[in-house]
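Pasting start-v1.cif here (mmCIF, C-alpha atoms and all ligand atoms):
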```cif
data_coords
#
loop_
_atom_site.label_atom_id
_atom_site.label_comp_id
_atom_site.auth_asym_id
_atom_site.auth_seq_id
_atom_site.Cartn_x
_atom_site.Cartn_y
_atom_site.Cartn_z
CA MET A 1 21.46 -42.09 -9.78
CA ASP A 2 19.86 -43.92 -12.70
CA ARG A 3 16.95 -42.34 -14.49
CA HIS A 4 13.64 -43.65 -13.25
CA ILE A 5 10.46 -43.69 -15.30
CA LEU A 6 8.02 -41.91 -12.99
CA LEU A 7 4.60 -43.55 -13.07
CA ASN A 8 3.54 -41.65 -9.94
CA PRO A 9 1.02 -38.82 -10.37
CA GLY A 10 3.56 -36.00 -10.45
CA PRO A 11 6.22 -34.82 -10.35
CA VAL A 12 6.85 -36.14 -13.84
CA ASN A 13 9.82 -36.95 -16.03
CA LEU A 14 10.99 -33.72 -17.65
CA SER A 15 12.00 -33.30 -21.25
CA GLU A 16 15.57 -32.12 -21.80
CA ARG A 17 14.14 -28.90 -23.17
CA VAL A 18 12.28 -28.12 -19.97
CA ARG A 19 15.22 -29.13 -17.77
CA LYS A 20 17.60 -26.90 -19.73
CA ALA A 21 15.20 -23.97 -19.54
CA MET A 22 15.96 -23.75 -15.82
CA LEU A 23 19.58 -22.85 -16.63
CA GLN A 24 18.65 -19.47 -18.07
CA PRO A 25 20.19 -16.37 -16.42
CA ASP A 26 19.41 -15.56 -12.80
CA LEU A 27 16.56 -13.11 -12.65
CA CYS A 28 15.13 -10.65 -10.13
CA HIS A 29 11.36 -10.91 -9.79
CA ARG A 30 11.07 -7.10 -9.84
CA GLU A 31 12.60 -6.71 -13.32
CA THR A 32 10.76 -6.34 -16.63
CA GLU A 33 12.18 -9.67 -17.89
CA PHE A 34 10.32 -11.41 -15.09
CA ALA A 35 7.11 -9.56 -15.91
CA GLU A 36 7.37 -10.75 -19.52
CA LEU A 37 7.95 -14.31 -18.39
CA GLN A 38 4.97 -14.12 -16.03
CA ASN A 39 2.73 -12.56 -18.67
CA SER A 40 3.57 -15.19 -21.25
CA ILE A 41 2.78 -18.01 -18.82
CA ARG A 42 -0.50 -16.38 -17.79
CA THR A 43 -1.56 -15.97 -21.41
CA ASN A 44 -0.52 -19.45 -22.48
CA LEU A 45 -2.40 -21.05 -19.60
CA LEU A 46 -5.62 -19.32 -20.69
CA ASN A 47 -4.98 -20.32 -24.31
CA ILE A 48 -5.01 -24.03 -23.45
CA TYR A 49 -8.80 -23.91 -23.07
CA LYS A 50 -9.24 -20.85 -25.31
CA LEU A 51 -10.36 -18.60 -22.46
CA PRO A 52 -10.68 -14.89 -23.35
CA LYS A 53 -8.47 -12.58 -21.28
CA ASP A 54 -11.15 -10.03 -20.46
CA ARG A 55 -13.32 -12.64 -18.76
CA TRP A 56 -10.71 -15.01 -17.28
CA ALA A 57 -7.38 -14.68 -15.53
CA SER A 58 -4.65 -17.06 -14.50
CA VAL A 59 -3.11 -16.35 -11.14
CA LEU A 60 0.36 -17.82 -10.54
CA LEU A 61 1.49 -18.99 -7.13
CA THR A 62 4.65 -20.49 -5.72
CA GLY A 63 3.65 -23.69 -4.00
CA SER A 64 2.36 -27.18 -4.80
CA GLY A 65 -1.10 -28.03 -6.10
CA THR A 66 -2.56 -27.97 -2.60
CA ALA A 67 -1.61 -24.29 -2.30
CA ALA A 68 -3.65 -23.53 -5.41
CA VAL A 69 -6.69 -25.42 -4.11
CA GLU A 70 -6.39 -23.70 -0.72
CA ALA A 71 -6.06 -20.29 -2.40
CA MET A 72 -9.16 -21.02 -4.48
CA LEU A 73 -11.36 -22.02 -1.56
CA THR A 74 -10.22 -19.24 0.77
CA SER A 75 -10.49 -16.53 -1.90
CA MET A 76 -13.64 -17.48 -3.79
CA VAL A 77 -16.14 -18.28 -1.03
CA PRO A 78 -17.35 -15.04 0.55
CA ASP A 79 -17.73 -14.57 4.31
CA ASP A 80 -21.48 -15.15 4.04
CA GLY A 81 -21.08 -17.90 1.43
CA HIS A 82 -21.65 -21.63 1.89
CA VAL A 83 -19.67 -24.13 -0.12
CA LEU A 84 -20.88 -27.67 -0.77
CA ILE A 85 -17.85 -29.94 -1.00
CA ILE A 86 -18.22 -33.21 -2.88
CA GLU A 87 -16.06 -36.03 -1.57
CA ASN A 88 -15.18 -39.33 -3.21
CA GLY A 89 -11.50 -39.58 -2.38
CA VAL A 90 -8.55 -38.05 -0.56
CA TYR A 91 -8.56 -34.76 -2.44
CA GLY A 92 -12.24 -34.02 -1.93
CA GLU A 93 -11.79 -34.78 1.76
CA ARG A 94 -8.76 -32.47 1.82
CA MET A 95 -10.96 -29.58 0.65
CA THR A 96 -13.25 -30.19 3.62
CA LYS A 97 -10.21 -30.04 5.92
CA MET A 98 -9.30 -26.70 4.37
CA ALA A 99 -12.78 -25.32 4.93
CA GLN A 100 -12.61 -26.50 8.55
CA THR A 101 -9.16 -24.97 9.02
CA TYR A 102 -10.28 -21.55 7.81
CA GLY A 103 -13.76 -21.62 9.27
CA ILE A 104 -15.40 -21.40 5.84
CA ARG A 105 -19.07 -22.31 6.02
CA HIS A 106 -19.41 -25.66 4.28
CA SER A 107 -21.29 -28.93 3.97
CA ALA A 108 -19.81 -32.14 2.65
CA VAL A 109 -21.51 -34.72 0.45
CA LYS A 110 -19.67 -37.90 1.24
CA HIS A 111 -19.36 -40.76 -1.22
CA ASP A 112 -17.47 -43.97 -0.81
CA TRP A 113 -14.10 -43.87 -2.61
CA SER A 114 -15.36 -46.49 -5.02
CA GLU A 115 -18.48 -44.52 -5.89
CA ALA A 116 -19.31 -42.20 -8.75
CA ILE A 117 -20.77 -38.86 -7.66
CA ASN A 118 -24.54 -38.88 -7.48
CA PRO A 119 -25.72 -35.71 -9.26
CA GLY A 120 -29.29 -36.23 -8.03
CA LYS A 121 -28.09 -35.93 -4.46
CA ILE A 122 -26.18 -32.73 -5.31
CA GLY A 123 -29.20 -31.28 -7.11
CA ALA A 124 -31.46 -31.98 -4.12
CA ILE A 125 -29.08 -30.32 -1.65
CA VAL A 126 -28.46 -27.17 -3.67
CA LYS A 127 -32.19 -26.77 -4.21
CA LYS A 128 -33.01 -27.00 -0.52
CA GLU A 129 -30.08 -25.35 1.19
CA ASN A 130 -28.55 -21.97 0.79
CA ILE A 131 -25.45 -23.12 -1.09
CA THR A 132 -23.41 -20.49 -2.95
CA HIS A 133 -20.60 -22.66 -4.43
CA VAL A 134 -19.98 -26.32 -5.18
CA ALA A 135 -16.40 -27.57 -4.85
CA VAL A 136 -15.40 -30.79 -6.57
CA VAL A 137 -12.31 -32.68 -7.68
CA HIS A 138 -12.26 -33.30 -11.43
CA HIS A 139 -9.90 -36.25 -11.60
CA GLU A 140 -9.89 -37.90 -8.17
CA THR A 141 -6.33 -39.19 -8.17
CA THR A 142 -7.09 -41.46 -5.21
CA THR A 143 -8.80 -43.95 -7.52
CA GLY A 144 -8.24 -42.63 -11.05
CA ARG A 145 -11.91 -41.75 -11.39
CA LEU A 146 -12.74 -38.82 -13.66
CA ASN A 147 -15.74 -37.20 -12.01
CA ASP A 148 -18.45 -36.19 -14.46
CA LEU A 149 -18.49 -32.42 -14.12
CA SER A 150 -21.08 -31.91 -16.83
CA MET A 151 -23.67 -33.83 -14.76
CA ILE A 152 -22.78 -31.92 -11.61
CA ALA A 153 -22.92 -28.62 -13.48
CA GLU A 154 -26.32 -29.61 -14.83
CA ALA A 155 -27.55 -30.31 -11.29
CA CYS A 156 -26.37 -26.83 -10.18
CA LYS A 157 -27.58 -24.96 -13.24
CA LYS A 158 -31.11 -24.15 -12.09
CA GLU A 159 -29.84 -22.51 -8.94
CA ASN A 160 -27.03 -20.86 -10.89
CA ILE A 161 -24.38 -22.16 -8.52
CA PRO A 162 -20.82 -21.91 -9.83
CA LEU A 163 -18.24 -24.69 -9.48
CA LEU A 164 -14.85 -24.54 -7.82
CA ILE A 165 -12.73 -27.24 -9.43
CA ASP A 166 -9.67 -29.07 -8.18
CA GLY A 167 -8.24 -29.69 -11.63
CA VAL A 168 -4.75 -30.40 -10.35
CA SER A 169 -4.46 -33.78 -12.07
CA SER A 170 -6.64 -33.10 -15.11
CA PHE A 171 -5.79 -29.59 -16.33
CA GLY A 172 -4.08 -29.93 -19.71
CA ALA A 173 -5.15 -33.50 -20.45
CA GLU A 174 -8.92 -33.72 -19.97
CA LYS A 175 -11.80 -31.72 -21.36
CA ILE A 176 -12.77 -28.81 -19.11
CA ASN A 177 -15.69 -26.78 -20.40
CA PHE A 178 -15.24 -23.61 -18.36
CA THR A 179 -18.29 -21.82 -19.71
CA ASN A 180 -20.90 -24.59 -19.98
CA TRP A 181 -19.99 -26.02 -16.60
CA ASN A 182 -20.35 -22.63 -14.93
CA ILE A 183 -16.84 -22.78 -13.48
CA ALA A 184 -15.83 -19.92 -11.19
CA ALA A 185 -12.29 -21.15 -10.58
CA CYS A 186 -10.07 -24.10 -11.34
CA ALA A 187 -6.89 -24.89 -9.39
CA ALA A 188 -3.97 -26.72 -11.01
CA THR A 189 -0.22 -27.14 -11.02
CA ALA A 190 2.83 -27.06 -13.28
CA ASN A 191 4.15 -30.52 -12.53
CA LYS A 192 1.37 -32.84 -13.60
CA CYS A 193 -0.25 -32.84 -17.05
CA LEU A 194 1.68 -29.74 -18.14
CA HIS A 195 5.07 -31.43 -17.61
CA GLY A 196 6.72 -28.57 -15.70
CA VAL A 197 8.61 -28.77 -12.41
CA PRO A 198 7.05 -28.69 -8.94
CA GLY A 199 7.03 -25.24 -7.37
CA THR A 200 4.52 -23.34 -9.49
CA ALA A 201 0.77 -23.73 -9.10
CA PHE A 202 -2.05 -21.62 -10.45
CA VAL A 203 -5.74 -20.86 -10.32
CA ILE A 204 -7.81 -19.95 -13.38
CA VAL A 205 -10.49 -17.56 -12.16
CA ARG A 206 -13.49 -15.87 -13.68
CA ARG A 207 -12.78 -12.17 -13.27
CA ASP A 208 -16.34 -11.05 -12.50
CA LEU A 209 -16.83 -13.75 -9.88
CA ILE A 210 -13.58 -13.20 -8.00
CA ASN A 211 -14.30 -9.49 -7.89
CA LYS A 212 -17.79 -10.12 -6.60
CA THR A 213 -16.82 -12.35 -3.67
CA ASN A 214 -16.04 -9.66 -1.09
CA ALA A 215 -14.31 -12.32 0.98
CA SER A 216 -12.21 -10.64 3.58
CA SER A 217 -8.71 -12.08 3.40
CA ARG A 218 -8.57 -15.34 5.30
CA THR A 219 -4.91 -15.80 4.47
CA LEU A 220 -2.13 -13.38 3.68
CA TYR A 221 -0.01 -15.59 1.43
CA LEU A 222 -2.78 -17.31 -0.54
CA ASP A 223 -5.02 -14.31 -1.19
CA LEU A 224 -5.83 -14.64 -4.89
CA LYS A 225 -7.22 -11.13 -5.19
CA ASN A 226 -3.94 -9.70 -4.04
CA TYR A 227 -2.03 -11.78 -6.62
CA LEU A 228 -4.48 -10.90 -9.37
CA LYS A 229 -4.20 -7.17 -8.78
CA SER A 230 -0.43 -7.34 -8.69
CA GLN A 231 -0.02 -9.67 -11.68
CA ASP A 232 -2.39 -7.59 -13.80
CA THR A 233 0.04 -4.71 -13.34
CA ASN A 234 3.20 -6.73 -14.10
CA GLY A 235 4.04 -7.38 -10.47
CA THR A 236 4.05 -10.14 -7.92
CA PRO A 237 3.28 -9.69 -4.21
CA PHE A 238 6.02 -12.12 -3.14
CA THR A 239 9.10 -13.79 -4.60
CA GLN A 240 8.12 -16.39 -7.18
CA SER A 241 9.96 -19.58 -8.04
CA VAL A 242 11.81 -18.03 -10.99
CA GLN A 243 13.47 -21.21 -12.29
CA CYS A 244 10.15 -23.07 -12.09
CA PHE A 245 8.61 -20.25 -14.13
CA TYR A 246 11.32 -20.75 -16.78
CA ALA A 247 10.50 -24.44 -16.84
CA LEU A 248 6.75 -23.88 -17.05
CA ALA A 249 7.10 -21.35 -19.87
CA GLU A 250 9.11 -23.88 -21.88
CA ALA A 251 6.75 -26.73 -20.98
CA LEU A 252 3.87 -24.62 -22.30
CA ASN A 253 5.72 -23.98 -25.58
CA GLU A 254 6.29 -27.69 -25.94
CA PHE A 255 2.64 -28.38 -25.05
CA LYS A 256 1.37 -26.00 -27.71
CA GLU A 257 3.72 -27.32 -30.42
CA ALA A 258 2.63 -30.87 -29.62
CA GLY A 259 -1.01 -29.99 -30.32
CA GLY A 260 -2.50 -28.86 -26.99
CA TRP A 261 -4.70 -30.72 -24.52
CA LYS A 262 -6.44 -32.92 -27.08
CA MET A 263 -3.15 -34.35 -28.28
CA ARG A 264 -1.96 -34.77 -24.73
CA GLN A 265 -5.16 -36.65 -23.93
CA LYS A 266 -4.67 -38.85 -27.00
CA ASN A 267 -1.10 -39.67 -26.00
CA TYR A 268 -2.06 -40.49 -22.44
CA GLN A 269 -4.96 -42.65 -23.68
CA LYS A 270 -2.59 -44.65 -25.89
CA ARG A 271 -0.11 -45.10 -23.04
CA MET A 272 -2.82 -46.04 -20.57
CA LYS A 273 -4.35 -48.57 -22.94
CA ILE A 274 -1.02 -50.38 -23.14
CA VAL A 275 -0.83 -50.52 -19.35
CA ARG A 276 -4.47 -51.39 -18.75
CA ASP A 277 -4.79 -54.07 -21.45
CA GLY A 278 -1.36 -55.42 -20.55
CA LEU A 279 -2.10 -55.77 -16.85
CA ILE A 280 -5.58 -57.21 -17.45
CA ALA A 281 -3.99 -59.86 -19.67
CA LEU A 282 -1.84 -60.78 -16.65
CA GLY A 283 -4.95 -61.20 -14.51
CA ILE A 284 -4.58 -57.87 -12.71
CA GLN A 285 -7.94 -56.16 -12.19
CA PRO A 286 -8.53 -52.42 -12.54
CA LEU A 287 -10.29 -50.66 -9.65
CA VAL A 288 -12.57 -48.44 -11.77
CA LYS A 289 -14.43 -49.17 -15.03
CA GLU A 290 -12.57 -47.95 -18.09
CA LYS A 291 -15.18 -45.43 -19.21
CA GLU A 292 -15.17 -43.82 -15.75
CA CYS A 293 -11.37 -43.47 -15.59
CA SER A 294 -9.19 -40.52 -16.45
CA CYS A 295 -6.51 -40.91 -19.11
CA VAL A 296 -3.98 -39.69 -16.54
CA LEU A 297 -3.95 -42.43 -13.92
CA ASN A 298 -5.53 -45.84 -13.35
CA ALA A 299 -5.61 -47.88 -10.15
CA PHE A 300 -5.28 -51.68 -10.02
CA HIS A 301 -5.81 -54.36 -7.40
CA LEU A 302 -2.53 -55.86 -6.23
CA PRO A 303 -1.95 -59.33 -7.67
CA LYS A 304 -2.61 -62.17 -5.21
CA GLY A 305 0.26 -62.93 -2.89
CA ILE A 306 2.25 -59.80 -3.72
CA THR A 307 2.47 -56.82 -1.39
CA TYR A 308 2.74 -53.26 -2.61
CA GLU A 309 6.29 -53.05 -1.24
CA GLN A 310 7.38 -56.16 -3.15
CA LEU A 311 5.88 -54.88 -6.39
CA HIS A 312 7.26 -51.40 -5.89
CA ASP A 313 10.79 -52.54 -5.02
CA LYS A 314 11.06 -54.99 -7.90
CA LEU A 315 9.80 -52.39 -10.39
CA LYS A 316 12.11 -49.75 -8.96
CA LYS A 317 15.08 -52.05 -9.51
CA ASN A 318 14.01 -52.13 -13.13
CA GLY A 319 13.66 -48.37 -13.36
CA PHE A 320 9.92 -47.81 -12.79
CA ILE A 321 8.31 -45.88 -9.93
CA ILE A 322 4.70 -46.84 -9.24
CA TYR A 323 2.47 -45.27 -6.60
CA ALA A 324 0.76 -46.78 -3.55
CA GLY A 325 -2.89 -46.50 -2.66
CA GLN A 326 -3.81 -44.00 0.06
CA GLY A 327 -5.63 -44.57 3.35
CA LYS A 328 -7.88 -47.60 3.28
CA LEU A 329 -6.62 -48.57 -0.17
CA ALA A 330 -2.94 -48.58 0.86
CA LYS A 331 -2.69 -52.35 1.20
CA THR A 332 -4.87 -53.41 -1.68
CA ILE A 333 -4.13 -51.31 -4.77
CA PHE A 334 -1.33 -49.72 -6.76
CA ARG A 335 -1.55 -46.80 -9.14
CA VAL A 336 0.03 -46.13 -12.50
CA SER A 337 0.11 -42.72 -14.08
CA CYS A 338 1.31 -41.96 -17.59
CA MET A 339 2.18 -38.25 -17.47
CA GLY A 340 5.53 -36.79 -18.38
CA ASP A 341 8.20 -37.13 -21.03
CA ILE A 342 7.94 -40.91 -21.36
CA THR A 343 7.03 -43.18 -24.28
CA GLU A 344 4.65 -45.96 -25.24
CA ASN A 345 7.67 -48.22 -25.30
CA ASP A 346 8.33 -47.40 -21.65
CA MET A 347 4.79 -48.57 -20.90
CA ARG A 348 5.38 -51.83 -22.80
CA ARG A 349 8.61 -52.43 -20.89
CA PHE A 350 6.72 -51.74 -17.67
CA VAL A 351 4.09 -54.38 -18.46
CA SER A 352 6.82 -56.91 -19.38
CA CYS A 353 8.50 -56.24 -16.11
CA VAL A 354 5.31 -56.94 -14.14
CA LYS A 355 4.82 -60.11 -16.22
CA GLU A 356 8.30 -61.31 -15.40
CA MET A 357 7.69 -60.77 -11.72
CA LEU A 358 4.42 -62.73 -11.79
CA MET A 359 6.07 -65.61 -13.65
CA LEU A 360 8.88 -65.80 -11.11
CA GLN A 361 6.36 -65.73 -8.29
CA SER A 362 4.24 -68.54 -9.74
CA LYS A 363 7.34 -70.76 -9.83
CA THR A 364 8.02 -70.42 -6.13
C1 LIG B 1 -1.64 -33.91 -6.83
C2 LIG B 1 -2.98 -33.45 -6.48
C3 LIG B 1 -3.17 -32.35 -5.61
C4 LIG B 1 -2.07 -31.55 -5.01
O1 LIG B 1 -1.03 -32.24 -4.46
P1 LIG B 1 0.34 -31.51 -4.12
O2 LIG B 1 1.13 -32.61 -3.51
O3 LIG B 1 0.06 -30.39 -3.21
O4 LIG B 1 0.89 -31.02 -5.44
C5 LIG B 1 -4.47 -31.90 -5.40
N1 LIG B 1 -5.51 -32.51 -5.97
C6 LIG B 1 -5.37 -33.56 -6.80
C7 LIG B 1 -6.59 -34.13 -7.44
C8 LIG B 1 -4.10 -34.06 -7.07
O5 LIG B 1 -3.95 -35.11 -7.91
#
```
Go ahead and express the file in the form of structure tokens.
Ligand SMILES: *Cc1c(COP(=O)(O)O)cnc(C)c1O
Amino acid sequence: MDRHILLNPGPVNLSERVRKAMLQPDLCHRETEFAELQNSIRTNLLNIYKLPKDRWASVLLTGSGTAAVEAMLTSMVPDDGHVLIIENGVYGERMTKMAQTYGIRHSAVKHDWSEAINPGKIGAIVKKENITHVAVVHHETTTGRLNDLSMIAEACKKENIPLLIDGVSSFGAEKINFTNWNIAACAATANKCLHGVPGTAFVIVRRDLINKTNASSRTLYLDLKNYLKSQDTNGTPFTQSVQCFYALAEALNEFKEAGGWKMRQKNYQKRMKIVRDGLIALGIQPLVKEKECSCVLNAFHLPKGITYEQLHDKLKKNGFIIYAGQGKLAKTIFRVSCMGDITENDMRRFVSCVKEMLMLQSKT
């Protein structure tokens, strides 16, 4: 199969270095070599946002990003807690489904998918009701909107309510101020902005807050406390995805050498500017204002007279994989992400390819 440039929001194109890392010797997850691998990943994840080890911990899971979010919600909200879930897209709504599934006491603040979160509304609810946690998606991948966590944190500050963050598509490429935003936990994954392979996900937790929760285990497999205890003593409760760990460890080395999250953000911004400016010049309109978008993914209205399938299939023939809208946006938008081991030149070729398609269409 030919190599495709993946412009979908994960999994991403791997560097050769990361791919080769998976070929290291077979390894038992009960051996000291595995413990060293696990420890190095845990440390390097904390180092990305300079989080001190005595106050923060990374907990590694085998699963996709959803597993990490589910582990966070089920493990951080105590039995007598009440989580306020903010929705403005698929992933916020998914958190509400999780709370329903596990019978976690929750309320949802619904926003339209096109809307920015209204911090005033959040502030009013947390003041009135007995909310213990606020759960919110940082980068809502549904639309490419980067939710303003500093405003939400500000609204929760007076009541001292900590945030539970779905940072699956922002961790490693956007600013996350763990301390100022009063974050209790942040869920993320190896195969988005960190450029690892799918199979490893993780939650960054504040040690004092996870220990304080007293949540009785709602799930056996996703119990973060159980993982934390085991990983702090060089263990793992269950078999981990060893080859994915190899890949993540290498991806984190590469990440650090390349200059950390700020450089990754810069690179994504440059790539996204090429796509955004290029498509706008072709008359294709973005869904969300530039200053409200993440650097990771932008959504665009489909050009007139072209269906998503037509656009997708033509681009795929030319080596590019774009991503459809979800739910009510499925027929009207397409999404372009710029994560992974790809180049600015790939983005230019992508724009040319769209241009060619539009020119052909205008002739018929
Ligand atoms: C990708 C993503 C997830 C998790 O998706 P998986 O398919 O389980 O990896 C969760 N939240 C957001 C915001 C995402 O972009």
Collect all residues with atoms no farther than 6 Å from ligand LIG 1 (chain B), counting all atoms listed in the file, and output them as a JSON list (two decimals) with C-alpha atoms, keeping the file's coordinate frame.
```
[["chain", "number", "residue", "atom", "x", "y", "z"],
["A", 64, "SER", "CA", 2.36, -27.18, -4.80],
["A", 65, "GLY", "CA", -1.10, -28.03, -6.10],
["A", 66, "THR", "CA", -2.56, -27.97, -2.60],
["A", 91, "TYR", "CA", -8.56, -34.76, -2.44],
["A", 137, "VAL", "CA", -12.31, -32.68, -7.68],
["A", 139, "HIS", "CA", -9.90, -36.25, -11.60],
["A", 140, "GLU", "CA", -9.89, -37.90, -8.17],
["A", 141, "THR", "CA", -6.33, -39.19, -8.17],
["A", 166, "ASP", "CA", -9.67, -29.07, -8.18],
["A", 168, "VAL", "CA", -4.75, -30.40, -10.35],
["A", 169, "SER", "CA", -4.46, -33.78, -12.07]]
```
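Using all atoms listed in the file for every distance, the candidate list A:Leu73, A:Ile41, A:Leu84, A:Ala281 yields A:Leu84 as the residue closest to Ser107 of chain A.
Here atom CA of Gly305 of chain A stands at a distance of 9.8 Å from atom CA of Leu358 of chain A.
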Do a neighbour search on Arg42 of chain A at 12 Å with all atoms listed in the file, toss out local chain neighbours closer than 2 positions, and write the hits as JSON, numbers by chain. {"A": [35, 36, 37, 38, 39, 40, 44, 45, 46, 47, 48, 51, 52, 53, 56, 57, 58, 59, 60, 61, 200, 201, 202, 203, 204, 205, 228, 231, 232, 234, 245, 248, 249, 252]}
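You can rank A:Glu174, A:Glu70, A:Glu290, A:Glu254 by their closest distance to Met272 of chain A using all atoms listed in the file, and at the top of that list sits A:Glu290.
Among the candidate residues A:Ala173, A:Val354, A:Ile85, A:Ile284, the one lying nearest to Met339 of chain A is A:Ala173, with distances computed using all atoms listed in the file.
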For Ala135 of chain A, list every protein, DNA or RNA residue within 10 Å, evaluated using all atoms listed in the file, and leave out those in the same chain fewer than 2 positions away; present the list as an NGL selection string. :A and (69 or 72-73 or 83-87 or 92 or 95-96 or 106 or 108 or 133 or 137-138 or 162-166 or 183-186)
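Comparing A:Tyr227, A:Trp113, A:Tyr308, A:Phe171 by their smallest distance to Val296 of chain A, the closest is A:Phe171 (using all atoms listed in the file).
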Exercise: residues within 12 Å of coordinate (3.4, -41.5, -15.9), counting all atoms listed in the file, as a PDB file with C-alpha atoms, keeping the file's coordinate frame:
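Below you can see selection.pdb, which holds the result:
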```pdb
ATOM      1  CA  HIS A   4      13.640 -43.650 -13.250  1.00  0.00           C
ATOM      2  CA  ILE A   5      10.460 -43.690 -15.300  1.00  0.00           C
ATOM      3  CA  LEU A   6       8.020 -41.910 -12.990  1.00  0.00           C
ATOM      4  CA  LEU A   7       4.600 -43.550 -13.070  1.00  0.00           C
ATOM      5  CA  ASN A   8       3.540 -41.650  -9.940  1.00  0.00           C
ATOM      6  CA  PRO A   9       1.020 -38.820 -10.370  1.00  0.00           C
ATOM      7  CA  GLY A  10       3.560 -36.000 -10.450  1.00  0.00           C
ATOM      8  CA  PRO A  11       6.220 -34.820 -10.350  1.00  0.00           C
ATOM      9  CA  VAL A  12       6.850 -36.140 -13.840  1.00  0.00           C
ATOM     10  CA  ASN A  13       9.820 -36.950 -16.030  1.00  0.00           C
ATOM     11  CA  LEU A  14      10.990 -33.720 -17.650  1.00  0.00           C
ATOM     12  CA  SER A 169      -4.460 -33.780 -12.070  1.00  0.00           C
ATOM     13  CA  ASN A 191       4.150 -30.520 -12.530  1.00  0.00           C
ATOM     14  CA  LYS A 192       1.370 -32.840 -13.600  1.00  0.00           C
ATOM     15  CA  CYS A 193      -0.250 -32.840 -17.050  1.00  0.00           C
ATOM     16  CA  HIS A 195       5.070 -31.430 -17.610  1.00  0.00           C
ATOM     17  CA  ASN A 267      -1.100 -39.670 -26.000  1.00  0.00           C
ATOM     18  CA  TYR A 268      -2.060 -40.490 -22.440  1.00  0.00           C
ATOM     19  CA  GLN A 269      -4.960 -42.650 -23.680  1.00  0.00           C
ATOM     20  CA  ARG A 271      -0.110 -45.100 -23.040  1.00  0.00           C
ATOM     21  CA  MET A 272      -2.820 -46.040 -20.570  1.00  0.00           C
ATOM     22  CA  VAL A 275      -0.830 -50.520 -19.350  1.00  0.00           C
ATOM     23  CA  CYS A 295      -6.510 -40.910 -19.110  1.00  0.00           C
ATOM     24  CA  VAL A 296      -3.980 -39.690 -16.540  1.00  0.00           C
ATOM     25  CA  LEU A 297      -3.950 -42.430 -13.920  1.00  0.00           C
ATOM     26  CA  ASN A 298      -5.530 -45.840 -13.350  1.00  0.00           C
ATOM     27  CA  PHE A 320       9.920 -47.810 -12.790  1.00  0.00           C
ATOM     28  CA  ILE A 321       8.310 -45.880  -9.930  1.00  0.00           C
ATOM     29  CA  ILE A 322       4.700 -46.840  -9.240  1.00  0.00           C
ATOM     30  CA  TYR A 323       2.470 -45.270  -6.600  1.00  0.00           C
ATOM     31  CA  ARG A 335      -1.550 -46.800  -9.140  1.00  0.00           C
ATOM     32  CA  VAL A 336       0.030 -46.130 -12.500  1.00  0.00           C
ATOM     33  CA  SER A 337       0.110 -42.720 -14.080  1.00  0.00           C
ATOM     34  CA  CYS A 338       1.310 -41.960 -17.590  1.00  0.00           C
ATOM     35  CA  MET A 339       2.180 -38.250 -17.470  1.00  0.00           C
ATOM     36  CA  GLY A 340       5.530 -36.790 -18.380  1.00  0.00           C
ATOM     37  CA  ASP A 341       8.200 -37.130 -21.030  1.00  0.00           C
ATOM     38  CA  ILE A 342       7.940 -40.910 -21.360  1.00  0.00           C
ATOM     39  CA  THR A 343       7.030 -43.180 -24.280  1.00  0.00           C
ATOM     40  CA  GLU A 344       4.650 -45.960 -25.240  1.00  0.00           C
ATOM     41  CA  ASP A 346       8.330 -47.400 -21.650  1.00  0.00           C
ATOM     42  CA  MET A 347       4.790 -48.570 -20.900  1.00  0.00           C
ATOM     43  CA  PHE A 350       6.720 -51.740 -17.670  1.00  0.00           C
TER      44      PHE A 350
END
```
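Distances here use only C-alpha atoms; by that measure, the residue among A:Asn147, A:Ser217, A:Gln24, A:Ser230 closest to Tyr102 of chain A is A:Ser217.
Shortest separation to Ile161 of chain A among A:Leu209, A:Ile274, A:Leu146, A:Ala116 occurs at residue A:Leu209, atoms counted being all atoms listed in the file.
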Name the residues in contact with Ile152 of chain A at a cut-off of 10 Å, using only C-alpha atoms, excluding same-chain residues fewer than 2 positions from it; report them as number ranges by chain. A: 86, 117-123, 134, 136, 147-150, 154-157, 163, 181
Would you place a box with edges along x, y and z of the file around all atoms of segment 44-63 of chain A listed there, add 5 Å to each of its six sides, and report the centre and edge lengths in Å to one decimal, as AutoDock Vina command-line options?
```
--center_x -4.3 --center_y -17.0 --center_z -14.7 --size_x 28.0 --size_y 24.0 --size_z 31.3
```
